[in-house]
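Asks: Sending over entry17.pdb (PDB, C-alpha atoms).
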ATOM      1  CA  MET A  28      28.437 -69.450  21.075  1.00  0.00           C
ATOM      2  CA  LYS A  29      26.808 -72.654  19.911  1.00  0.00           C
ATOM      3  CA  LYS A  30      24.893 -72.590  16.612  1.00  0.00           C
ATOM      4  CA  LEU A  31      21.759 -73.262  18.617  1.00  0.00           C
ATOM      5  CA  TYR A  32      22.117 -69.842  20.297  1.00  0.00           C
ATOM      6  CA  ARG A  33      22.752 -67.761  17.149  1.00  0.00           C
ATOM      7  CA  ILE A  34      20.534 -65.801  14.811  1.00  0.00           C
ATOM      8  CA  LYS A  35      22.205 -65.768  11.389  1.00  0.00           C
ATOM      9  CA  LYS A  36      19.554 -65.466   8.683  1.00  0.00           C
ATOM     10  CA  ASN A  37      18.331 -62.092   7.486  1.00  0.00           C
ATOM     11  CA  ASP A  38      14.643 -63.048   7.749  1.00  0.00           C
ATOM     12  CA  GLU A  39      15.157 -64.029  11.403  1.00  0.00           C
ATOM     13  CA  PHE A  40      16.762 -60.631  12.085  1.00  0.00           C
ATOM     14  CA  GLN A  41      13.894 -58.858  10.294  1.00  0.00           C
ATOM     15  CA  LYS A  42      11.305 -60.774  12.333  1.00  0.00           C
ATOM     16  CA  VAL A  43      12.945 -59.609  15.588  1.00  0.00           C
ATOM     17  CA  PHE A  44      13.138 -56.002  14.296  1.00  0.00           C
ATOM     18  CA  LYS A  45       9.493 -55.933  13.206  1.00  0.00           C
ATOM     19  CA  LYS A  46       7.820 -57.842  16.036  1.00  0.00           C
ATOM     20  CA  GLY A  47      10.228 -57.286  18.937  1.00  0.00           C
ATOM     21  CA  LYS A  48      10.602 -54.418  21.386  1.00  0.00           C
ATOM     22  CA  SER A  49      13.714 -52.265  21.495  1.00  0.00           C
ATOM     23  CA  PHE A  50      15.661 -51.016  24.502  1.00  0.00           C
ATOM     24  CA  ALA A  51      18.747 -48.837  24.342  1.00  0.00           C
ATOM     25  CA  ASN A  52      21.484 -46.935  26.072  1.00  0.00           C
ATOM     26  CA  ARG A  53      24.255 -44.834  24.520  1.00  0.00           C
ATOM     27  CA  GLN A  54      26.331 -47.801  23.352  1.00  0.00           C
ATOM     28  CA  PHE A  55      23.861 -50.547  22.381  1.00  0.00           C
ATOM     29  CA  VAL A  56      20.324 -51.181  21.150  1.00  0.00           C
ATOM     30  CA  VAL A  57      18.745 -54.518  22.086  1.00  0.00           C
ATOM     31  CA  TYR A  58      15.672 -55.881  20.343  1.00  0.00           C
ATOM     32  CA  VAL A  59      13.789 -58.528  22.314  1.00  0.00           C
ATOM     33  CA  LEU A  60      11.285 -60.911  20.765  1.00  0.00           C
ATOM     34  CA  LYS A  61       9.449 -63.154  23.230  1.00  0.00           C
ATOM     35  CA  LYS A  62       9.063 -66.698  21.930  1.00  0.00           C
ATOM     36  CA  GLY A  63       7.297 -69.357  23.934  1.00  0.00           C
ATOM     37  CA  ASP A  64       8.234 -72.313  21.769  1.00  0.00           C
ATOM     38  CA  GLN A  65      11.977 -72.465  22.491  1.00  0.00           C
ATOM     39  CA  ASP A  66      13.676 -73.378  25.755  1.00  0.00           C
ATOM     40  CA  HIS A  67      16.830 -71.297  25.200  1.00  0.00           C
ATOM     41  CA  PHE A  68      17.607 -67.810  23.981  1.00  0.00           C
ATOM     42  CA  ARG A  69      19.197 -66.840  20.667  1.00  0.00           C
ATOM     43  CA  ILE A  70      21.451 -63.855  19.981  1.00  0.00           C
ATOM     44  CA  GLY A  71      22.104 -61.899  16.796  1.00  0.00           C
ATOM     45  CA  LEU A  72      24.897 -59.318  16.641  1.00  0.00           C
ATOM     46  CA  SER A  73      25.037 -56.322  14.327  1.00  0.00           C
ATOM     47  CA  VAL A  74      28.083 -54.054  14.176  1.00  0.00           C
ATOM     48  CA  SER A  75      27.978 -51.555  11.312  1.00  0.00           C
ATOM     49  CA  LYS A  76      30.906 -50.416   9.175  1.00  0.00           C
ATOM     50  CA  LYS A  77      30.311 -46.930  10.611  1.00  0.00           C
ATOM     51  CA  ILE A  78      31.775 -48.214  13.900  1.00  0.00           C
ATOM     52  CA  GLY A  79      35.249 -48.886  12.513  1.00  0.00           C
ATOM     53  CA  ASN A  80      37.390 -51.200  10.458  1.00  0.00           C
ATOM     54  CA  ALA A  81      37.044 -54.991  10.437  1.00  0.00           C
ATOM     55  CA  VAL A  82      39.465 -55.431  13.324  1.00  0.00           C
ATOM     56  CA  LYS A  83      37.473 -53.053  15.564  1.00  0.00           C
ATOM     57  CA  ARG A  84      34.112 -54.573  14.572  1.00  0.00           C
ATOM     58  CA  ASN A  85      35.335 -58.107  15.287  1.00  0.00           C
ATOM     59  CA  GLU A  86      36.748 -56.980  18.641  1.00  0.00           C
ATOM     60  CA  ILE A  87      33.361 -55.548  19.645  1.00  0.00           C
ATOM     61  CA  LYS A  88      31.623 -58.781  18.587  1.00  0.00           C
ATOM     62  CA  ARG A  89      34.117 -60.851  20.596  1.00  0.00           C
ATOM     63  CA  TYR A  90      33.487 -58.661  23.655  1.00  0.00           C
ATOM     64  CA  LEU A  91      29.723 -59.040  23.195  1.00  0.00           C
ATOM     65  CA  ARG A  92      29.914 -62.828  22.816  1.00  0.00           C
ATOM     66  CA  GLN A  93      32.074 -63.155  25.925  1.00  0.00           C
ATOM     67  CA  SER A  94      29.721 -60.879  27.896  1.00  0.00           C
ATOM     68  CA  ILE A  95      26.733 -62.995  26.863  1.00  0.00           C
ATOM     69  CA  HIS A  96      28.676 -66.141  27.768  1.00  0.00           C
ATOM     70  CA  GLU A  97      29.373 -64.796  31.271  1.00  0.00           C
ATOM     71  CA  LEU A  98      25.793 -63.547  31.774  1.00  0.00           C
ATOM     72  CA  HIS A  99      24.225 -66.650  30.183  1.00  0.00           C
ATOM     73  CA  GLU A 100      22.667 -68.133  33.318  1.00  0.00           C
ATOM     74  CA  TRP A 101      20.959 -64.855  34.308  1.00  0.00           C
ATOM     75  CA  ILE A 102      19.480 -63.999  30.900  1.00  0.00           C
ATOM     76  CA  GLU A 103      15.820 -64.867  30.407  1.00  0.00           C
ATOM     77  CA  GLN A 104      15.426 -67.994  28.273  1.00  0.00           C
ATOM     78  CA  GLY A 105      12.990 -68.435  25.383  1.00  0.00           C
ATOM     79  CA  ASN A 106      13.634 -65.065  23.706  1.00  0.00           C
ATOM     80  CA  ASP A 107      15.439 -63.874  20.599  1.00  0.00           C
ATOM     81  CA  TYR A 108      17.800 -60.927  21.106  1.00  0.00           C
ATOM     82  CA  VAL A 109      19.418 -58.730  18.459  1.00  0.00           C
ATOM     83  CA  ILE A 110      22.183 -56.467  19.744  1.00  0.00           C
ATOM     84  CA  ILE A 111      23.198 -53.464  17.647  1.00  0.00           C
ATOM     85  CA  ALA A 112      26.393 -51.635  18.546  1.00  0.00           C
ATOM     86  CA  ARG A 113      26.460 -47.832  18.382  1.00  0.00           C
ATOM     87  CA  LYS A 114      29.482 -45.616  17.699  1.00  0.00           C
ATOM     88  CA  PRO A 115      30.573 -45.113  21.374  1.00  0.00           C
ATOM     89  CA  ALA A 116      31.041 -48.902  21.722  1.00  0.00           C
ATOM     90  CA  ALA A 117      34.208 -48.620  19.600  1.00  0.00           C
ATOM     91  CA  ASP A 118      36.055 -46.873  22.446  1.00  0.00           C
ATOM     92  CA  MET A 119      35.141 -49.371  25.162  1.00  0.00           C
ATOM     93  CA  ASN A 120      37.128 -52.183  26.740  1.00  0.00           C
ATOM     94  CA  PHE A 121      35.631 -55.577  27.626  1.00  0.00           C
ATOM     95  CA  HIS A 122      34.518 -54.650  31.156  1.00  0.00           C
ATOM     96  CA  GLU A 123      32.754 -51.506  29.926  1.00  0.00           C
ATOM     97  CA  VAL A 124      30.982 -53.492  27.186  1.00  0.00           C
ATOM     98  CA  LYS A 125      29.833 -56.110  29.709  1.00  0.00           C
ATOM     99  CA  LYS A 126      28.563 -53.456  32.125  1.00  0.00           C
ATOM    100  CA  SER A 127      26.721 -51.640  29.322  1.00  0.00           C
ATOM    101  CA  ILE A 128      25.080 -54.830  27.997  1.00  0.00           C
ATOM    102  CA  GLN A 129      24.084 -55.750  31.539  1.00  0.00           C
ATOM    103  CA  HIS A 130      22.474 -52.307  31.893  1.00  0.00           C
ATOM    104  CA  VAL A 131      20.459 -52.635  28.660  1.00  0.00           C
ATOM    105  CA  PHE A 132      19.262 -56.106  29.661  1.00  0.00           C
ATOM    106  CA  LYS A 133      18.158 -54.691  33.045  1.00  0.00           C
ATOM    107  CA  VAL A 134      16.263 -51.905  31.267  1.00  0.00           C
ATOM    108  CA  ALA A 135      14.599 -54.568  29.093  1.00  0.00           C
ATOM    109  CA  LYS A 136      13.802 -56.564  32.267  1.00  0.00           C
ATOM    110  CA  VAL A 137      15.237 -59.790  30.793  1.00  0.00           C
ATOM    111  CA  ILE A 138      18.048 -60.370  33.263  1.00  0.00           C
ATOM    112  CA  LYS A 139      17.682 -61.845  36.732  1.00  0.00           C
ATOM    113  CA  ASN A 140      19.431 -60.421  39.804  1.00  0.00           C
ATOM    114  CA  LEU A 141      23.155 -60.881  39.506  1.00  0.00           C
ATOM    115  CA  LYS A 142      25.249 -62.153  42.368  1.00  0.00           C
ATOM    116  CA  GLN A 143      28.456 -60.368  41.436  1.00  0.00           C
TER     117      GLN A 143
END
Let's see the structure in the file written out as structure tokens.
Replies:
Amino acid sequence: MKKLYRIKKNDEFQKVFKKGKSFANRQFVVYVLKKGDQDHFRIGLSVSKKIGNAVKRNEIKRYLRQSIHELHEWIEQGNDYVIIARKPAADMNFHEVKKSIQHVFKVAKVIKNLKQ
């Protein structure tokens, strides 16, 4: 993901947590903060140490980044998203992660109809 599309600073994360709305399923929680002043979306990833060791956490983050990359053109622009992984995400492969993220984005109503 390009730097332009990332949320890295703690105060930016906190802003999304405080002012954004949350949507969840069993594997992920997504916070959405609508912002009118940017023409692209930004993503922040949070995978806790409770999920597993560093290798497992990095694998989940790689799966999430690739899922976002593949869904990029259907995701609503102009928002900030923070994705928090829950414990069941540790046992998922890439396709399950992508399907789960797609589901949460549909629940949040920030993804357009997919042609897959």
Asks: In Å, with one decimal, what is the gap from CA of Gln104 (chain A) to CA of Ser127 (chain A)?
Replies: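 CA of Ser127 (chain A) lies 19.9 Å from CA of Gln104 (chain A).
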Asks: I want to know what sits within 10 Å of Leu60 (chain A), based on all atoms listed in the file, with residues of the same chain fewer than 3 positions away left out; could you give that as a list in words?
Replies: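 Returned residues: Lys42, Val43, Phe44, Lys45, Lys46, Gly47, Lys48, Ser49, Val57, Gly63, Phe68, Arg69, Gly105, Asn106, Asp107, Tyr108 and Val109 of chain A.
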Asks: Those residues with C-alpha atoms, as a PDB file, in the frame of the given file please?
Replies:
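As a result, part.pdb now contains:
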ATOM      1  CA  LYS A  42      11.305 -60.774  12.333  1.00  0.00           C
ATOM      2  CA  VAL A  43      12.945 -59.609  15.588  1.00  0.00           C
ATOM      3  CA  PHE A  44      13.138 -56.002  14.296  1.00  0.00           C
ATOM      4  CA  LYS A  45       9.493 -55.933  13.206  1.00  0.00           C
ATOM      5  CA  LYS A  46       7.820 -57.842  16.036  1.00  0.00           C
ATOM      6  CA  GLY A  47      10.228 -57.286  18.937  1.00  0.00           C
ATOM      7  CA  LYS A  48      10.602 -54.418  21.386  1.00  0.00           C
ATOM      8  CA  SER A  49      13.714 -52.265  21.495  1.00  0.00           C
ATOM      9  CA  VAL A  57      18.745 -54.518  22.086  1.00  0.00           C
ATOM     10  CA  GLY A  63       7.297 -69.357  23.934  1.00  0.00           C
ATOM     11  CA  PHE A  68      17.607 -67.810  23.981  1.00  0.00           C
ATOM     12  CA  ARG A  69      19.197 -66.840  20.667  1.00  0.00           C
ATOM     13  CA  GLY A 105      12.990 -68.435  25.383  1.00  0.00           C
ATOM     14  CA  ASN A 106      13.634 -65.065  23.706  1.00  0.00           C
ATOM     15  CA  ASP A 107      15.439 -63.874  20.599  1.00  0.00           C
ATOM     16  CA  TYR A 108      17.800 -60.927  21.106  1.00  0.00           C
ATOM     17  CA  VAL A 109      19.418 -58.730  18.459  1.00  0.00           C
TER      18      VAL A 109
END
Asks: Running the PyMOL selection byres ((chain A and resi 124) around 10) on this model by hand, what would come out? Give it as a PyMOL selection string.
Replies: chain A and resi 54-55+87+90-91+93-94+112+116-123+125-130
Asks: Would you kindly translate the PyMOL selection byres ((chain A and resi 138) around 12) into the concrete residues it picks from this file, as a PyMOL selection string?
Replies: chain A and resi 59+68+95+98-104+106+128-137+139-142
Asks: What does the distance between CA of Pro115 (chain A) and CA of Ile70 (chain A) come to in Å, to one decimal place?
Replies: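 Taking CA of Pro115 (chain A) and CA of Ile70 (chain A), their separation equals 20.9 Å.
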